[in-house]
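**Q** Before I ask anything, here is the structure I am working with.
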Amino acid sequence: MTRLAVALVLMAATAGLARADAAAFQALGADAQKIVNKVTGDKPEDTAICAGGGEELRSKVVSATKSLYFAGSLAGEPKPAGEAAGEYLKALCKL
C-alpha cells in the first residue's frame with residue numbers, strides 16, 4: 001500500500017471516529033453536555049483532559065458538575081448528569 005493510500009485510510013477512520021463521538025455527544029442529555037463542555041473547555045476533541053488518568057478525570061467531572069449545579073445551570077438532578085458525562089469522557093479517553 002502506498003503512503004497516500006495509508007494516509008487516506010487513516011483519514012477516513014479518523015473521520016468515522018469523530019462522527020461517532022459527535023453522535024455519542026448528541027445522545028447525552030443537555031445537562032451532561034454542559035458538564036462535558038465545562039470539563040473540555042472549547043476543545044472537545046482535545047484528549048489532554050485524559051492525561052491524569054481515571055481518578056483525575058473523575059475529579060474534573062465532579063468539580064464541573066458541582067460548579068454548574070451551584071450556579072443553577074443544571075435543569076435536572078446533578079448525579080445522573082455527572083455520571084453520563086463521566087462515562088462519555090471515559091469512553092473518549094479510552095479509560
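In the C-alpha cells, each chain is lettered A, B, ... as it comes, each chain's residues begin at 1, and ligands are numbered from 1 in order of appearance.
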Considering only C-alpha atoms, return as a PDB file with C-alpha atoms, in the first residue's frame whatever protein or nucleic-acid residues lie within 7 Å of range 49-64 of chain A, sequence-local ones (same chain, fewer than 3 positions apart) excluded.
**A**
```pdb
ATOM      1  CA  ILE A  35     -20.693  19.182  32.109  1.00  0.00           C
ATOM      2  CA  LYS A  38     -17.148  22.617  31.188  1.00  0.00           C
ATOM      3  CA  VAL A  39     -14.522  19.872  31.511  1.00  0.00           C
ATOM      4  CA  THR A  40     -13.223  20.078  27.947  1.00  0.00           C
ATOM      5  CA  SER A  67     -19.887  24.264  39.738  1.00  0.00           C
ATOM      6  CA  LEU A  68     -22.774  24.078  37.272  1.00  0.00           C
ATOM      7  CA  GLY A  82     -22.445  13.843  36.050  1.00  0.00           C
ATOM      8  CA  GLY A  86     -18.176  10.875  33.153  1.00  0.00           C
ATOM      9  CA  CYS A  93     -10.282   8.877  26.787  1.00  0.00           C
ATOM     10  CA  LEU A  95     -10.201   4.604  30.150  1.00  0.00           C
TER      11      LEU A  95
END
```
**Q** Could you please determine the separation between CA of Lys94 in chain A and CA of Ala75 in chain A in Å, to one decimal place?
**A**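 Taking CA of Lys94 in chain A as the start and CA of Ala75 in chain A as the end point, the length is 28.6 Å.
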**Q** So how far away is CA of Thr47 in chain A from CA of Gly76 in chain A, in Å?
**A**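 Separation of CA of Gly76 in chain A and CA of Thr47 in chain A: 27.3 Å.
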**Q** Please identify all polymer residues within 10 Å of Leu28 in chain A, counting only C-alpha atoms, omitting same-chain residues fewer than 3 positions from it, and present them as a list in words.
**A**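 The contact residues come out as Ala23, Ala24, Phe25, Asp31, Ala32, Gln33, Lys34, Val36, Ala81, Ala84, Ala85 and Tyr88 of chain A.
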**Q** Output C-alpha atoms for every residue in the selection just made, as a compact mmCIF listing (two decimals), in the first residue's frame.
**A**
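What follows is the written file selection.txt:
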```txt
# COMPACT_ATOMS: atom_id res chain seq x y z
CA ALA A 23 -23.25 11.18 17.78
CA ALA A 24 -22.46 9.99 21.31
CA PHE A 25 -22.24 13.61 22.48
CA ASP A 31 -27.07 18.78 31.48
CA ALA A 32 -24.45 16.12 30.71
CA GLN A 33 -23.44 18.09 27.60
CA LYS A 34 -22.94 21.17 29.78
CA VAL A 36 -18.64 17.78 29.21
CA ALA A 81 -25.91 14.10 34.50
CA ALA A 84 -23.42 10.29 32.00
CA ALA A 85 -20.79 12.95 31.33
CA TYR A 88 -18.82 9.74 27.89
```
**Q** Using DSSP on the backbone coordinates, identify all residues within range 31-72 of chain A classified as helix (DSSP H, G or I); present the result as a PyMOL selection string.
**A** chain A and resi 31-40+47-50+53-70
**Q** Okay, now the selection with N, CA and C atoms, as a compact mmCIF listing (two decimals), in the first residue's frame?
**A**
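Here's the written file part.txt:
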```
# COMPACT_ATOMS: atom_id res chain seq x y z
N ASP A 31 -27.90 18.52 30.31
CA ASP A 31 -27.07 18.78 31.48
C ASP A 31 -25.72 18.08 31.37
N ALA A 32 -25.71 16.85 30.88
CA ALA A 32 -24.45 16.12 30.71
C ALA A 32 -23.58 16.82 29.67
N GLN A 33 -24.20 17.34 28.61
CA GLN A 33 -23.44 18.09 27.60
C GLN A 33 -22.79 19.32 28.22
N LYS A 34 -23.51 20.00 29.10
CA LYS A 34 -22.94 21.17 29.78
C LYS A 34 -21.72 20.78 30.61
N ILE A 35 -21.81 19.65 31.28
CA ILE A 35 -20.69 19.18 32.11
C ILE A 35 -19.49 18.84 31.23
N VAL A 36 -19.73 18.12 30.14
CA VAL A 36 -18.64 17.78 29.21
C VAL A 36 -17.99 19.05 28.69
N ASN A 37 -18.81 20.03 28.31
CA ASN A 37 -18.27 21.30 27.80
C ASN A 37 -17.44 22.01 28.86
N LYS A 38 -17.89 21.97 30.10
CA LYS A 38 -17.15 22.62 31.19
C LYS A 38 -15.80 21.93 31.41
N VAL A 39 -15.76 20.62 31.31
CA VAL A 39 -14.52 19.87 31.51
C VAL A 39 -13.57 20.07 30.34
N THR A 40 -14.09 20.03 29.13
CA THR A 40 -13.22 20.08 27.95
C THR A 40 -12.93 21.50 27.47
N THR A 47 -7.81 15.48 23.82
CA THR A 47 -7.78 14.46 24.86
C THR A 47 -6.75 14.77 25.95
N ALA A 48 -6.28 15.99 26.04
CA ALA A 48 -5.36 16.38 27.11
C ALA A 48 -6.01 16.17 28.48
N ILE A 49 -7.34 16.23 28.52
CA ILE A 49 -8.05 16.00 29.79
C ILE A 49 -7.84 14.58 30.30
N CYS A 50 -7.39 13.69 29.42
CA CYS A 50 -7.21 12.28 29.77
C CYS A 50 -5.86 12.01 30.43
N GLY A 53 -5.37 10.31 33.94
CA GLY A 53 -5.98 9.02 34.22
C GLY A 53 -7.40 9.15 34.75
N GLY A 54 -7.96 8.02 35.12
CA GLY A 54 -9.36 7.96 35.52
C GLY A 54 -9.73 8.76 36.74
N GLU A 55 -8.88 8.73 37.76
CA GLU A 55 -9.22 9.44 39.00
C GLU A 55 -9.19 10.95 38.81
N GLU A 56 -8.23 11.44 38.04
CA GLU A 56 -8.17 12.88 37.78
C GLU A 56 -9.35 13.32 36.91
N LEU A 57 -9.71 12.49 35.95
CA LEU A 57 -10.87 12.81 35.11
C LEU A 57 -12.14 12.85 35.95
N ARG A 58 -12.28 11.88 36.86
CA ARG A 58 -13.44 11.85 37.76
C ARG A 58 -13.50 13.13 38.59
N SER A 59 -12.36 13.56 39.09
CA SER A 59 -12.29 14.78 39.88
C SER A 59 -12.74 16.00 39.07
N LYS A 60 -12.32 16.05 37.82
CA LYS A 60 -12.71 17.16 36.94
C LYS A 60 -14.21 17.16 36.68
N VAL A 61 -14.78 15.97 36.48
CA VAL A 61 -16.22 15.86 36.23
C VAL A 61 -17.00 16.27 37.47
N VAL A 62 -16.57 15.81 38.64
CA VAL A 62 -17.25 16.17 39.90
C VAL A 62 -17.18 17.68 40.12
N SER A 63 -16.02 18.26 39.89
CA SER A 63 -15.85 19.70 40.07
C SER A 63 -16.75 20.49 39.11
N ALA A 64 -16.78 20.07 37.84
CA ALA A 64 -17.61 20.76 36.85
C ALA A 64 -19.09 20.62 37.19
N THR A 65 -19.48 19.43 37.63
CA THR A 65 -20.88 19.19 37.98
C THR A 65 -21.30 20.06 39.15
N LYS A 66 -20.47 20.11 40.19
CA LYS A 66 -20.78 20.96 41.35
C LYS A 66 -20.87 22.43 40.96
N SER A 67 -19.92 22.87 40.17
CA SER A 67 -19.89 24.26 39.74
C SER A 67 -21.17 24.64 38.99
N LEU A 68 -21.56 23.80 38.05
CA LEU A 68 -22.77 24.08 37.27
C LEU A 68 -24.02 23.97 38.14
N TYR A 69 -24.05 23.01 39.04
CA TYR A 69 -25.20 22.83 39.92
C TYR A 69 -25.39 24.05 40.82
N PHE A 70 -24.32 24.48 41.47
CA PHE A 70 -24.43 25.61 42.39
C PHE A 70 -24.67 26.94 41.67
```
